[in-house]
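Asks: Contents of run.txt (compact mmCIF, N, CA and C atoms):
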# COMPACT_ATOMS: atom_id res chain seq x y z
N MET B 37 139.25 121.37 61.40
CA MET B 37 138.03 120.79 61.92
C MET B 37 136.97 121.87 62.13
N GLU B 38 137.26 123.10 61.95
CA GLU B 38 136.35 124.22 62.17
C GLU B 38 135.08 124.10 61.31
N ASN B 39 133.93 123.98 61.95
CA ASN B 39 132.62 123.92 61.31
C ASN B 39 132.50 122.85 60.22
N GLU B 40 133.26 121.81 60.33
CA GLU B 40 133.19 120.71 59.37
C GLU B 40 131.89 119.94 59.58
N ILE B 41 131.23 119.58 58.49
CA ILE B 41 130.01 118.79 58.58
C ILE B 41 130.24 117.49 57.82
N ARG B 42 130.03 116.38 58.51
CA ARG B 42 130.15 115.06 57.88
C ARG B 42 128.81 114.36 57.98
N ASN B 43 128.53 113.50 57.02
CA ASN B 43 127.28 112.77 57.01
C ASN B 43 127.54 111.29 56.79
N ALA B 44 126.69 110.46 57.38
CA ALA B 44 126.81 109.02 57.22
C ALA B 44 125.41 108.41 57.30
N ILE B 45 125.27 107.21 56.73
CA ILE B 45 124.01 106.49 56.78
C ILE B 45 124.22 105.20 57.58
N ILE B 46 123.30 104.94 58.51
CA ILE B 46 123.34 103.71 59.30
C ILE B 46 122.02 102.98 59.09
N GLU B 47 122.12 101.71 58.71
CA GLU B 47 120.94 100.87 58.62
C GLU B 47 120.83 100.08 59.91
N ALA B 48 119.71 100.26 60.60
CA ALA B 48 119.53 99.65 61.93
C ALA B 48 118.27 98.80 61.94
N THR B 49 118.15 97.96 62.97
CA THR B 49 117.00 97.10 63.15
C THR B 49 116.35 97.43 64.49
N CYS B 50 115.02 97.45 64.50
CA CYS B 50 114.29 97.73 65.74
C CYS B 50 114.78 96.85 66.87
N MET B 51 114.98 97.45 68.02
CA MET B 51 115.37 96.79 69.27
C MET B 51 116.75 96.15 69.24
N LYS B 52 117.57 96.46 68.24
CA LYS B 52 118.94 95.95 68.19
C LYS B 52 119.90 97.13 68.30
N GLU B 53 120.67 97.15 69.38
CA GLU B 53 121.57 98.27 69.66
C GLU B 53 122.61 98.47 68.56
N PHE B 54 123.00 99.73 68.38
CA PHE B 54 124.13 100.08 67.54
C PHE B 54 124.88 101.21 68.22
N SER B 55 126.15 101.35 67.87
CA SER B 55 126.98 102.39 68.50
C SER B 55 127.60 103.30 67.45
N ILE B 56 127.83 104.52 67.87
CA ILE B 56 128.55 105.51 67.09
C ILE B 56 129.76 105.91 67.92
N THR B 57 130.95 105.83 67.34
CA THR B 57 132.19 106.14 68.05
C THR B 57 132.89 107.30 67.35
N LEU B 58 133.22 108.33 68.12
CA LEU B 58 133.86 109.52 67.57
C LEU B 58 135.09 109.90 68.40
N ASP B 59 136.09 110.48 67.73
CA ASP B 59 137.27 110.99 68.43
C ASP B 59 136.90 112.17 69.30
N THR B 60 137.53 112.25 70.46
CA THR B 60 137.25 113.35 71.39
C THR B 60 138.47 113.61 72.27
N ASN B 61 138.45 114.74 72.93
CA ASN B 61 139.47 115.06 73.93
C ASN B 61 138.79 115.85 75.04
N PRO B 62 138.19 115.17 76.01
CA PRO B 62 137.41 115.84 77.04
C PRO B 62 138.21 116.82 77.90
N SER B 63 139.53 116.68 77.95
CA SER B 63 140.33 117.59 78.77
C SER B 63 140.32 119.02 78.21
N THR B 64 139.90 119.19 76.96
CA THR B 64 139.83 120.52 76.34
C THR B 64 138.51 121.21 76.64
N GLY B 65 137.58 120.47 77.25
CA GLY B 65 136.26 121.03 77.52
C GLY B 65 135.26 120.69 76.42
N TYR B 66 135.74 120.11 75.33
CA TYR B 66 134.86 119.73 74.23
C TYR B 66 134.31 118.32 74.45
N SER B 67 133.06 118.14 74.03
CA SER B 67 132.47 116.81 74.00
C SER B 67 131.39 116.83 72.93
N TRP B 68 130.95 115.64 72.55
CA TRP B 68 129.90 115.51 71.55
C TRP B 68 128.54 115.64 72.21
N VAL B 69 127.69 116.49 71.64
CA VAL B 69 126.34 116.71 72.16
C VAL B 69 125.36 116.10 71.15
N PRO B 70 124.60 115.07 71.57
CA PRO B 70 123.68 114.42 70.64
C PRO B 70 122.32 115.10 70.58
N LEU B 71 121.75 115.12 69.39
CA LEU B 71 120.39 115.60 69.18
C LEU B 71 119.70 114.53 68.33
N PHE B 72 118.59 113.97 68.84
CA PHE B 72 117.90 112.89 68.13
C PHE B 72 116.44 112.87 68.56
N ASP B 73 115.62 112.18 67.78
CA ASP B 73 114.19 112.07 68.03
C ASP B 73 113.93 110.86 68.93
N ALA B 74 113.48 111.12 70.15
CA ALA B 74 113.23 110.05 71.13
C ALA B 74 112.05 109.17 70.73
N LYS B 75 111.31 109.56 69.73
CA LYS B 75 110.23 108.72 69.22
C LYS B 75 110.80 107.50 68.49
N PHE B 76 112.01 107.65 67.94
CA PHE B 76 112.64 106.57 67.17
C PHE B 76 113.79 105.88 67.89
N LEU B 77 114.48 106.61 68.77
CA LEU B 77 115.72 106.09 69.38
C LEU B 77 115.77 106.34 70.87
N GLU B 78 116.42 105.43 71.59
CA GLU B 78 116.76 105.63 73.00
C GLU B 78 118.28 105.64 73.11
N LEU B 79 118.82 106.60 73.84
CA LEU B 79 120.26 106.62 74.13
C LEU B 79 120.47 105.71 75.33
N ARG B 80 121.09 104.56 75.10
CA ARG B 80 121.29 103.57 76.15
C ARG B 80 122.56 103.80 76.97
N ASP B 81 123.60 104.32 76.30
CA ASP B 81 124.87 104.49 77.00
C ASP B 81 125.72 105.53 76.30
N ARG B 82 126.53 106.19 77.08
CA ARG B 82 127.51 107.16 76.58
C ARG B 82 128.77 106.94 77.41
N SER B 83 129.87 106.62 76.73
CA SER B 83 131.09 106.30 77.46
C SER B 83 132.31 106.83 76.73
N PHE B 84 133.43 106.85 77.45
CA PHE B 84 134.72 107.26 76.89
C PHE B 84 135.67 106.07 76.94
N LYS B 85 136.42 105.88 75.85
CA LYS B 85 137.40 104.79 75.80
C LYS B 85 138.72 105.35 75.30
N PRO B 86 139.81 104.94 75.92
CA PRO B 86 141.12 105.42 75.46
C PRO B 86 141.45 104.88 74.08
N ASN B 87 142.19 105.68 73.29
CA ASN B 87 142.63 105.23 71.96
C ASN B 87 143.65 104.11 72.06
N ASN B 88 144.53 104.23 73.05
CA ASN B 88 145.57 103.22 73.27
C ASN B 88 146.08 103.38 74.70
N LYS B 89 147.13 102.66 75.06
CA LYS B 89 147.65 102.72 76.43
C LYS B 89 148.08 104.12 76.82
N GLU B 90 148.66 104.86 75.87
CA GLU B 90 149.12 106.22 76.18
C GLU B 90 147.97 107.19 76.38
N SER B 91 146.78 106.82 75.89
CA SER B 91 145.63 107.70 76.00
C SER B 91 145.12 107.84 77.43
N LYS B 92 145.62 107.02 78.34
CA LYS B 92 145.19 107.11 79.73
C LYS B 92 145.82 108.31 80.43
N ARG B 93 146.81 108.93 79.78
CA ARG B 93 147.44 110.11 80.37
C ARG B 93 146.51 111.31 80.24
N LEU B 94 146.57 112.19 81.22
CA LEU B 94 145.76 113.40 81.22
C LEU B 94 146.04 114.23 79.98
N GLY B 95 144.98 114.66 79.31
CA GLY B 95 145.12 115.51 78.14
C GLY B 95 145.21 114.78 76.82
N SER B 96 145.23 113.46 76.85
CA SER B 96 145.33 112.72 75.59
C SER B 96 143.94 112.46 75.00
N SER B 97 143.91 112.20 73.72
CA SER B 97 142.63 111.99 73.04
C SER B 97 142.06 110.61 73.38
N SER B 98 140.78 110.47 73.13
CA SER B 98 140.10 109.20 73.38
C SER B 98 138.94 109.08 72.40
N LYS B 99 138.09 108.11 72.64
CA LYS B 99 136.90 107.88 71.83
C LYS B 99 135.67 108.08 72.71
N GLU B 100 134.65 108.72 72.16
CA GLU B 100 133.37 108.85 72.84
C GLU B 100 132.39 107.94 72.12
N VAL B 101 131.76 107.05 72.88
CA VAL B 101 130.89 106.03 72.29
C VAL B 101 129.44 106.28 72.73
N PHE B 102 128.56 106.38 71.75
CA PHE B 102 127.12 106.53 71.99
C PHE B 102 126.45 105.24 71.54
N THR B 103 125.66 104.62 72.44
CA THR B 103 124.95 103.40 72.10
C THR B 103 123.45 103.70 72.10
N PHE B 104 122.82 103.44 70.97
CA PHE B 104 121.40 103.71 70.79
C PHE B 104 120.64 102.40 70.55
N THR B 105 119.35 102.42 70.93
CA THR B 105 118.45 101.33 70.59
C THR B 105 117.29 101.92 69.78
N PRO B 106 117.10 101.45 68.54
CA PRO B 106 115.95 101.88 67.75
C PRO B 106 114.67 101.30 68.35
N ILE B 107 113.64 102.11 68.53
CA ILE B 107 112.41 101.63 69.15
C ILE B 107 111.20 101.72 68.22
N GLN B 108 111.40 102.30 67.04
CA GLN B 108 110.31 102.41 66.08
C GLN B 108 110.86 102.39 64.68
N ARG B 109 110.15 101.72 63.77
CA ARG B 109 110.56 101.65 62.38
C ARG B 109 110.40 103.00 61.69
N GLY B 110 111.31 103.33 60.78
CA GLY B 110 111.23 104.57 60.02
C GLY B 110 112.60 105.18 59.81
N ASN B 111 112.62 106.42 59.38
CA ASN B 111 113.87 107.14 59.14
C ASN B 111 113.97 108.32 60.10
N THR B 112 115.17 108.53 60.60
CA THR B 112 115.40 109.64 61.52
C THR B 112 116.86 110.08 61.39
N THR B 113 117.23 111.10 62.12
CA THR B 113 118.59 111.63 62.06
C THR B 113 119.15 111.82 63.47
N ILE B 114 120.42 111.49 63.62
CA ILE B 114 121.16 111.84 64.84
C ILE B 114 122.16 112.90 64.43
N THR B 115 122.14 114.04 65.11
CA THR B 115 123.12 115.10 64.89
C THR B 115 124.01 115.18 66.13
N LEU B 116 125.31 115.05 65.91
CA LEU B 116 126.27 115.17 67.01
C LEU B 116 127.13 116.39 66.74
N THR B 117 127.16 117.29 67.73
CA THR B 117 127.94 118.53 67.60
C THR B 117 129.05 118.52 68.64
N TYR B 118 130.27 118.79 68.17
CA TYR B 118 131.44 118.82 69.04
C TYR B 118 131.59 120.24 69.55
N LYS B 119 131.32 120.43 70.86
CA LYS B 119 131.31 121.79 71.40
C LYS B 119 131.58 121.78 72.90
N ARG B 120 131.84 122.96 73.40
CA ARG B 120 131.94 123.15 74.85
C ARG B 120 130.55 123.49 75.36
N GLU B 121 130.26 123.01 76.56
CA GLU B 121 128.93 123.17 77.13
C GLU B 121 128.46 124.63 77.17
N TRP B 122 129.35 125.54 77.43
CA TRP B 122 128.98 126.95 77.59
C TRP B 122 128.94 127.71 76.27
N GLU B 123 129.33 127.09 75.17
CA GLU B 123 129.33 127.76 73.87
C GLU B 123 128.08 127.38 73.07
N GLU B 124 127.58 128.34 72.32
CA GLU B 124 126.37 128.10 71.54
C GLU B 124 126.64 127.24 70.30
N ASN B 125 127.73 127.53 69.61
CA ASN B 125 128.06 126.82 68.37
C ASN B 125 129.23 125.87 68.58
N GLY B 126 129.18 124.77 67.86
CA GLY B 126 130.26 123.81 67.94
C GLY B 126 131.28 124.03 66.84
N ILE B 127 132.37 123.25 66.90
CA ILE B 127 133.39 123.36 65.86
C ILE B 127 133.25 122.27 64.81
N GLN B 128 132.40 121.27 65.09
CA GLN B 128 132.17 120.20 64.11
C GLN B 128 130.79 119.62 64.33
N THR B 129 130.11 119.30 63.24
CA THR B 129 128.81 118.66 63.30
C THR B 129 128.84 117.43 62.42
N THR B 130 128.32 116.33 62.94
CA THR B 130 128.24 115.09 62.18
C THR B 130 126.80 114.61 62.21
N ASN B 131 126.25 114.35 61.03
CA ASN B 131 124.87 113.88 60.91
C ASN B 131 124.87 112.42 60.50
N PHE B 132 124.02 111.65 61.16
CA PHE B 132 123.84 110.25 60.83
C PHE B 132 122.39 110.04 60.45
N GLU B 133 122.15 109.64 59.21
CA GLU B 133 120.81 109.30 58.78
C GLU B 133 120.58 107.84 59.19
N ILE B 134 119.55 107.60 59.98
CA ILE B 134 119.28 106.27 60.51
C ILE B 134 118.04 105.71 59.80
N LYS B 135 118.23 104.57 59.16
CA LYS B 135 117.13 103.87 58.49
C LYS B 135 116.82 102.64 59.32
N ILE B 136 115.69 102.69 60.02
CA ILE B 136 115.33 101.62 60.95
C ILE B 136 114.32 100.68 60.29
N LYS B 137 114.72 99.41 60.22
CA LYS B 137 113.83 98.42 59.64
C LYS B 137 113.22 97.56 60.74
N LYS B 138 112.16 96.91 60.39
CA LYS B 138 111.43 96.05 61.32
C LYS B 138 112.29 94.85 61.71
N LYS B 139 112.21 94.47 62.96
CA LYS B 139 112.93 93.29 63.44
C LYS B 139 112.30 92.03 62.87
N LYS B 140 113.15 91.16 62.36
CA LYS B 140 112.65 89.90 61.82
C LYS B 140 112.23 89.00 62.98
N ALA B 141 111.11 88.37 62.80
CA ALA B 141 110.62 87.46 63.83
C ALA B 141 111.54 86.24 63.92
N LYS B 142 111.84 85.85 65.13
CA LYS B 142 112.68 84.68 65.35
C LYS B 142 111.81 83.55 65.89
N PHE B 143 111.24 82.80 64.99
CA PHE B 143 110.46 81.66 65.40
C PHE B 143 110.52 80.63 64.28
N SER B 144 110.20 79.45 64.63
CA SER B 144 110.14 78.40 63.62
C SER B 144 108.97 77.50 63.95
N TYR B 145 108.48 76.83 62.95
CA TYR B 145 107.39 75.90 63.18
C TYR B 145 107.52 74.77 62.17
N SER B 146 106.85 73.71 62.46
CA SER B 146 106.84 72.59 61.50
C SER B 146 105.43 72.02 61.46
N ILE B 147 105.13 71.47 60.32
CA ILE B 147 103.83 70.84 60.16
C ILE B 147 104.07 69.35 60.20
N CYS B 148 103.45 68.74 61.16
CA CYS B 148 103.61 67.29 61.32
C CYS B 148 102.41 66.59 60.70
N LYS B 149 102.68 65.64 59.85
CA LYS B 149 101.60 64.88 59.23
C LYS B 149 101.44 63.56 59.99
N ARG B 150 100.21 63.21 60.23
CA ARG B 150 99.91 61.94 60.89
C ARG B 150 99.95 60.82 59.86
N LYS B 151 100.46 59.73 60.31
CA LYS B 151 100.44 58.55 59.44
C LYS B 151 99.05 57.99 59.46
N ARG B 152 98.56 57.60 58.30
CA ARG B 152 97.21 57.02 58.22
C ARG B 152 97.26 55.55 58.13
In structure tokens, how does this file's structure come out?

Replies:
Amino acid sequence: MENEIRNAIIEATCMKEFSITLDTNPSTGYSWVPLFDAKFLELRDRSFKPNNKESKRLGSSSKEVFTFTPIQRGNTTITLTYKREWEENGIQTTNFEIKIKKKKAKFSYSICKRKR
């Protein structure tokens, strides 16, 4: 996992949340550090979830979940680096190219014709 770089593309819609889930083990001091453009995205939530029942034990691996809301149409990048807070460089970097499209309007209308 040393200095591994992975890339992915996410197609998102304005104002519709999406999540990124990555393997982690916080007991080692490592966690994912997000870097993103706040002009395009808001980080709504960051949480940890166990992989399974055994993951509740101290020292076991889990999942780190980042939930974002796109707030502007366009293209941007989220870079997540797996590192310890006190270290400058991480051991893994993952880039997500985010393509944000406009939210489709949810409305309907009908044209009623009068009988003559």

Asks: Choose the residue, out of B:Ile46, B:Met51, B:Val69, B:Ile134, that has the smallest atom-to-atom separation from Gln108 in chain B; count all atoms listed in the file.

Replies: B:Met51

Asks: List the neighbours of Val101 in chain B out to 10 Å using only C-alpha atoms; skip same-chain residues closer than 5 positions along the sequence, and give me the result as a list in words.

Replies: Ser55, Ile56, Thr57, Leu58, Asp59, Thr60, Trp68, Asp81, Arg82, Ser83, Phe84 and Lys85 of chain B

Asks: From the set B:Cys50, B:Ile107, B:Ala44, B:Ile127, which residue has the shortest atom-to-atom contact distance to Phe76 in chain B, counting only C-alpha atoms?

Replies: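 Ranked by minimum distance to Phe76 in chain B, first place goes to B:Ile107.
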
Asks: Would you mind telling me which residue in B:Thr103, B:Thr115, B:Asn125, B:Asn131 lies nearest to Leu71 in chain B when using only C-alpha atoms?

Replies: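 When distances to Leu71 in chain B are compared using only C-alpha atoms, the smallest one comes from B:Thr115.
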
Asks: Could you pull out the residues in range 86-130 of chain B that DSSP calls strand (DSSP E or B) from the backbone, as a ChimeraX atom specification?

Replies: /B:86,98-106,110-120,128-130

Asks: To one decimal place, how far is atom C of Lys75 in chain B from atom C of Phe54 in chain B in Å?

Replies: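 Going from atom C of Lys75 in chain B over to atom C of Phe54 in chain B, I get 15.4 Å.
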